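For reference, data-v7.pdb (PDB, C-alpha atoms):
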ATOM      1  CA  TYR A   1      37.619 -74.568  52.368
ATOM      2  CA  GLU A   2      34.763 -72.397  53.561
ATOM      3  CA  GLY A   3      35.563 -68.837  54.602
ATOM      4  CA  PRO A   4      34.753 -68.483  58.321
ATOM      5  CA  PHE A   5      33.486 -64.931  57.843
ATOM      6  CA  SER A   6      31.619 -65.679  54.629
ATOM      7  CA  SER A   7      28.112 -65.054  55.966
ATOM      8  CA  LEU A   8      29.269 -61.978  57.892
ATOM      9  CA  ALA A   9      30.972 -60.469  54.824
ATOM     10  CA  LEU A  10      27.921 -61.168  52.664
ATOM     11  CA  ARG A  11      25.548 -59.654  55.228
ATOM     12  CA  LEU A  12      27.791 -56.589  55.565
ATOM     13  CA  LYS A  13      27.806 -56.095  51.789
ATOM     14  CA  ARG A  14      24.027 -56.387  51.607
ATOM     15  CA  VAL A  15      23.510 -53.912  54.449
ATOM     16  CA  SER A  16      25.949 -51.545  52.768
ATOM     17  CA  LEU A  17      24.086 -51.813  49.453
ATOM     18  CA  THR A  18      20.794 -51.123  51.225
ATOM     19  CA  THR A  19      22.140 -48.056  53.016
ATOM     20  CA  CYS A  20      23.727 -46.900  49.760
ATOM     21  CA  PHE A  21      20.333 -47.033  48.046
ATOM     22  CA  VAL A  22      18.566 -45.333  50.955
ATOM     23  CA  GLY A  23      21.245 -42.636  51.263
ATOM     24  CA  THR A  24      21.312 -41.959  47.540
ATOM     25  CA  PHE A  25      17.594 -42.023  46.785
ATOM     26  CA  GLY A  26      15.533 -42.336  49.967
ATOM     27  CA  LEU A  27      16.967 -39.469  51.991
ATOM     28  CA  PRO A  28      16.716 -36.865  49.202
ATOM     29  CA  ALA A  29      13.178 -38.020  48.366
ATOM     30  CA  ALA A  30      12.108 -37.871  52.032
ATOM     31  CA  LEU A  31      13.652 -34.419  52.398
ATOM     32  CA  PHE A  32      11.801 -33.151  49.359
ATOM     33  CA  VAL A  33       8.466 -34.703  50.406
ATOM     34  CA  LYS A  34       8.727 -33.565  54.035
ATOM     35  CA  HIS A  35      10.036 -30.041  53.515
ATOM     36  CA  GLY A  36       9.217 -29.397  49.849
ATOM     37  CA  SER A  37       9.566 -25.694  49.181
ATOM     38  CA  ALA A  38      10.478 -24.781  52.795
ATOM     39  CA  VAL A  39      14.103 -25.737  52.177
ATOM     40  CA  PRO A  40      15.839 -23.950  49.306
ATOM     41  CA  MET A  41      16.825 -26.111  46.337
ATOM     42  CA  GLY A  42      20.517 -25.417  47.022
ATOM     43  CA  GLY A  43      20.152 -26.804  50.557
ATOM     44  CA  GLN A  44      18.301 -29.868  49.317
ATOM     45  CA  LEU A  45      21.009 -30.515  46.729
ATOM     46  CA  ALA A  46      23.740 -30.076  49.331
ATOM     47  CA  VAL A  47      22.139 -32.566  51.738
ATOM     48  CA  ALA A  48      21.328 -35.014  48.936
ATOM     49  CA  GLY A  49      24.830 -34.757  47.473
ATOM     50  CA  THR A  50      26.528 -35.242  50.837
ATOM     51  CA  ALA A  51      24.370 -38.252  51.653
ATOM     52  CA  ALA A  52      24.972 -39.788  48.217
ATOM     53  CA  VAL A  53      28.752 -39.289  48.380
ATOM     54  CA  ALA A  54      28.934 -40.803  51.872
ATOM     55  CA  ALA A  55      26.663 -43.736  51.006
ATOM     56  CA  VAL A  56      28.299 -44.589  47.681
ATOM     57  CA  GLY A  57      31.823 -43.955  48.975
ATOM     58  CA  SER A  58      31.463 -46.262  51.953
ATOM     59  CA  THR A  59      29.917 -49.006  49.807
ATOM     60  CA  LEU A  60      32.703 -48.767  47.227
ATOM     61  CA  LEU A  61      35.365 -48.837  49.952
ATOM     62  CA  LEU A  62      33.775 -51.849  51.605
ATOM     63  CA  SER A  63      33.553 -53.589  48.249
ATOM     64  CA  TYR A  64      37.212 -52.832  47.501
ATOM     65  CA  CYS A  65      38.243 -54.374  50.810
ATOM     66  CA  PHE A  66      35.969 -57.435  50.735
ATOM     67  CA  ASN A  67      35.918 -58.402  47.041
ATOM     68  CA  PRO A  68      39.063 -60.586  47.400
ATOM     69  CA  TYR A  69      37.566 -62.517  50.314
ATOM     70  CA  VAL A  70      37.174 -66.167  49.265
ATOM     71  CA  HIS A  71      33.888 -67.630  50.446
ATOM     72  CA  LYS A  72      34.542 -71.125  49.124
ATOM     73  CA  LEU A  73      37.313 -73.170  47.511
ATOM     74  CA  GLU A  74      36.682 -76.495  45.845
ATOM     75  CA  TYR A  75      38.627 -78.856  43.610
ATOM     76  CA  VAL A  76      37.323 -79.175  40.053
ATOM     77  CA  ASP A  77      38.186 -81.316  37.061
ATOM     78  CA  PRO A  78      40.256 -79.088  34.725
ATOM     79  CA  GLU A  79      38.527 -80.431  31.608
ATOM     80  CA  THR A  80      34.877 -80.437  32.676
ATOM     81  CA  GLY A  81      34.854 -77.915  35.528
ATOM     82  CA  THR A  82      32.759 -80.241  37.668
ATOM     83  CA  PRO A  83      33.472 -80.471  41.408
ATOM     84  CA  VAL A  84      35.550 -83.442  42.548
ATOM     85  CA  ASP A  85      35.143 -85.230  45.882
ATOM     86  CA  THR A  86      38.705 -85.137  47.218
ATOM     87  CA  ILE A  87      38.058 -87.517  50.107
ATOM     88  CA  ALA A  88      38.135 -90.460  47.719
ATOM     89  CA  ILE A  89      41.396 -89.529  45.955
ATOM     90  CA  SER A  90      45.031 -89.439  47.013
ATOM     91  CA  GLU A  91      47.165 -86.351  47.551
ATOM     92  CA  LYS A  92      49.087 -87.215  44.386
ATOM     93  CA  ASP A  93      45.884 -87.200  42.326
ATOM     94  CA  LYS A  94      44.918 -83.797  43.764
ATOM     95  CA  THR A  95      47.890 -82.225  41.970
ATOM     96  CA  ALA A  96      46.148 -82.698  38.609
ATOM     97  CA  LEU A  97      43.033 -80.826  39.754
ATOM     98  CA  HIS A  98      42.237 -77.144  39.449
ATOM     99  CA  ILE A  99      40.600 -75.017  42.138
ATOM    100  CA  ARG A 100      37.417 -72.983  41.869
ATOM    101  CA  ALA A 101      37.293 -69.983  44.178
ATOM    102  CA  THR A 102      33.999 -68.253  44.910
ATOM    103  CA  THR A 103      34.137 -64.565  45.774
ATOM    104  CA  ARG A 104      31.413 -61.888  45.732
ATOM    105  CA  THR A 105      31.065 -58.831  43.489
ATOM    106  CA  LEU A 106      29.968 -55.312  44.385
ATOM    107  CA  LEU A 107      26.316 -56.380  44.091
ATOM    108  CA  SER A 108      26.898 -59.542  46.189
ATOM    109  CA  THR A 109      26.604 -61.922  43.248
ATOM    110  CA  GLU A 110      28.914 -64.932  43.105
ATOM    111  CA  LEU A 111      32.062 -64.687  41.019
ATOM    112  CA  GLN A 112      33.763 -68.016  40.368
ATOM    113  CA  THR A 113      37.373 -68.188  39.263
ATOM    114  CA  VAL A 114      38.907 -71.490  38.189
ATOM    115  CA  PHE A 115      42.687 -71.679  38.339
ATOM    116  CA  ASP A 116      45.637 -74.033  38.365
ATOM    117  CA  PRO A 117      47.193 -73.662  41.840
ATOM    118  CA  VAL A 118      50.683 -74.272  40.447
ATOM    119  CA  ASN A 119      50.774 -72.075  37.341
ATOM    120  CA  ASP A 120      48.093 -69.422  37.896
ATOM    121  CA  VAL A 121      48.878 -68.301  41.468
ATOM    122  CA  THR A 122      51.291 -65.532  42.426
ATOM    123  CA  VAL A 123      52.140 -63.642  45.574
ATOM    124  CA  ALA A 124      50.060 -60.513  46.057
ATOM    125  CA  SER A 125      52.390 -57.602  45.452
ATOM    126  CA  SER A 126      50.079 -54.827  46.627
ATOM    127  CA  VAL A 127      49.137 -53.661  50.089
ATOM    128  CA  ARG A 128      45.455 -54.213  49.328
ATOM    129  CA  PRO A 129      43.497 -55.266  52.422
ATOM    130  CA  PHE A 130      42.296 -58.869  52.514
ATOM    131  CA  CYS A 131      44.547 -60.033  49.699
ATOM    132  CA  ASN A 132      47.243 -62.637  50.280
ATOM    133  CA  PHE A 133      47.526 -64.125  46.767
ATOM    134  CA  VAL A 134      46.486 -63.529  43.166
ATOM    135  CA  ALA A 135      44.918 -66.385  41.189
ATOM    136  CA  ALA A 136      44.396 -66.044  37.425
ATOM    137  CA  GLY A 137      44.812 -62.282  37.784
ATOM    138  CA  VAL A 138      42.145 -61.966  40.506
ATOM    139  CA  PRO A 139      43.169 -60.794  44.002
ATOM    140  CA  MET A 140      42.052 -63.240  46.705
ATOM    141  CA  TYR A 141      42.200 -63.755  50.446
ATOM    142  CA  CYS A 142      42.015 -67.071  52.317
ATOM    143  CA  HIS A 143      42.602 -67.633  56.012
ATOM    144  CA  PRO A 144      45.959 -69.442  56.004
ATOM    145  CA  GLU A 145      45.383 -70.942  59.452
ATOM    146  CA  ILE A 146      42.491 -73.094  58.178
ATOM    147  CA  LEU A 147      43.559 -73.641  54.564
ATOM    148  CA  SER A 148      44.525 -77.228  53.769
ATOM    149  CA  GLU A 149      45.607 -76.690  50.147
ATOM    150  CA  GLN A 150      49.406 -76.898  50.433
ATOM    151  CA  ARG A 151      50.196 -75.300  47.061
ATOM    152  CA  LEU A 152      48.276 -72.140  48.022
ATOM    153  CA  LEU A 153      49.809 -72.124  51.498
ATOM    154  CA  LYS A 154      53.293 -71.949  49.973
ATOM    155  CA  VAL A 155      52.368 -68.785  48.058
ATOM    156  CA  ILE A 156      50.640 -67.199  51.065
ATOM    157  CA  SER A 157      53.549 -67.984  53.371
ATOM    158  CA  ALA A 158      55.970 -66.552  50.784
ATOM    159  CA  LYS A 159      54.113 -63.230  51.009
ATOM    160  CA  SER A 160      54.117 -63.413  54.802
ATOM    161  CA  ASN A 161      57.851 -64.104  54.874
ATOM    162  CA  ARG A 162      58.539 -61.285  52.399
ATOM    163  CA  SER A 163      56.487 -58.735  54.363
ATOM    164  CA  HIS A 164      58.244 -59.576  57.648
ATOM    165  CA  ALA A 165      61.713 -59.310  56.121
TER     166      ALA A 165
END
Please express the file's structure as structure tokens.
Amino acid sequence: YEGPFSSLALRLKRVSLTTCFVGTFGLPAALFVKHGSAVPMGGQLAVAGTAAVAAVGSTLLLSYCFNPYVHKLEYVDPETGTPVDTIAISEKDKTALHIRATTRTLLSTELQTVFDPVNDVTVASSVRPFCNFVAAGVPMYCHPEILSEQRLLKVISAKSNRSHA
């Protein structure tokens, strides 16, 4: 599984981090350099504070929404953690494998979570955006329409059925 919006979500996070840095540090510095003593310190602090709150707030909100987005799922050997080529094995043999999900943190670094799709996955009980299951305590979102892992689909469809009831 490869998340279809993986590159878009990553690019959006990186742009948000850049604007957060510029809004928090660049704008106040430019204001001070350009206008120096012409603008009272209270005005400079007000502009800098407003820009920082808006920049940091939007980045944190974006991160909250997109952190569960799964960029990649792959089968791994539960003992060694090494990726397994599932083309060469049967569906029955897949049941013994664990899954490694790759998501992204606030700073866009990879976060990998390895879980047993039978015992470590639950239905997401919150109304958090982009979250349709919880694996090993970590909220995650996969596009159910392109997901081939049947054990995860059962959990995701259970949430969908519960929310439409």
Requested in this report: Taking the file above as input, evaluate the PyMOL selection byres ((chain A and resi 109) around 12) and report the hits as a PyMOL selection string.
Outcome: chain A and resi 10+13-14+63+67+71+102-108+110-112
Requested in this report: Specify as number ranges by chain each residue included when the PyMOL selection byres ((chain A and resi 58) around 12) is applied to this file.
Outcome: A: 12-13, 15-21, 23-24, 51-57, 59-65, 106
Requested in this report: Could you jot down the atom CA of A:Arg100 to atom CA of A:Val114 separation for me, Å, one decimal place?
Outcome: 4.2 Å
Query - Length of the atom CA of A:Thr113 to atom CA of A:Ala136 vector [Å] - result: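 Computing the Euclidean distance for atom CA of A:Thr113 and atom CA of A:Ala136 yields 7.6 Å.
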Quick one: which residues end up in the PyMOL selection byres ((chain A and resi 132) around 6) for this structure, as a compact mmCIF listing (two decimals) with C-alpha atoms, in the frame of the given file?
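Output file out12.txt follows:
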# COMPACT_ATOMS: atom_id res chain seq x y z
CA ALA A 124 50.06 -60.51 46.06
CA CYS A 131 44.55 -60.03 49.70
CA PHE A 133 47.53 -64.12 46.77
CA TYR A 141 42.20 -63.76 50.45
CA ILE A 156 50.64 -67.20 51.06
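The space between atom CA of A:Ala96 and atom CA of A:Ser148 spans 16.2 Å.
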Mind giving me the axis-aligned box for stretch 3-6 of chain A with 8 Å on every side, centre plus edges in Å to one decimal, as JSON?
{"center_x": 33.6, "center_y": -66.9, "center_z": 56.5, "size_x": 19.9, "size_y": 19.9, "size_z": 19.7}
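Using all atoms listed in the file, the smallest distance between any of A:Leu147, A:Ala101, A:Leu45, A:Leu153 and A:Thr122 comes from A:Leu153.
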Query - Of the listed residues A:Lys94, A:Val155, A:Pro83, A:Val70, that which approaches A:Val138 most closely, counting only C-alpha atoms - result: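 Once distances to A:Val138 are computed over only C-alpha atoms, the minimum belongs to A:Val70.
Among the candidates A:Ile89, A:Gly36, A:Pro4, A:Pro68, the residue lying nearest to A:Pro129 is A:Pro68 (atoms considered: all atoms listed in the file).
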Query raised in the report: For the point (48.5, -74.0, 40.6) in file coordinates, what residues are within 9 Å, counting only C-alpha atoms? Give the answer as a list of chain:residue names?
Result: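 Residues with an atom at most 9 Å from (48.5, -74.0, 40.6): A:Thr95, A:Leu97, A:His98, A:Ile99, A:Phe115, A:Asp116, A:Pro117, A:Val118, A:Asn119, A:Asp120, A:Val121, A:Ala135, A:Arg151, A:Leu152.
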Just-selected residues, C-alpha atoms written as an mmCIF file, in the frame of the given file:
data_model
loop_
_atom_site.group_PDB
_atom_site.id
_atom_site.type_symbol
_atom_site.label_atom_id
_atom_site.label_comp_id
_atom_site.auth_asym_id
_atom_site.auth_seq_id
_atom_site.Cartn_x
_atom_site.Cartn_y
_atom_site.Cartn_z
ATOM 1 C CA THR A 95 47.890 -82.225 41.970
ATOM 2 C CA LEU A 97 43.033 -80.826 39.754
ATOM 3 C CA HIS A 98 42.237 -77.144 39.449
ATOM 4 C CA ILE A 99 40.600 -75.017 42.138
ATOM 5 C CA PHE A 115 42.687 -71.679 38.339
ATOM 6 C CA ASP A 116 45.637 -74.033 38.365
ATOM 7 C CA PRO A 117 47.193 -73.662 41.840
ATOM 8 C CA VAL A 118 50.683 -74.272 40.447
ATOM 9 C CA ASN A 119 50.774 -72.075 37.341
ATOM 10 C CA ASP A 120 48.093 -69.422 37.896
ATOM 11 C CA VAL A 121 48.878 -68.301 41.468
ATOM 12 C CA ALA A 135 44.918 -66.385 41.189
ATOM 13 C CA ARG A 151 50.196 -75.300 47.061
ATOM 14 C CA LEU A 152 48.276 -72.140 48.022
#
Query raised in the report: Between A:Leu8, A:Val123, A:Met41, A:Ala48, which is the closest to A:Ala158 once you count all atoms listed in the file?
Result: A:Val123
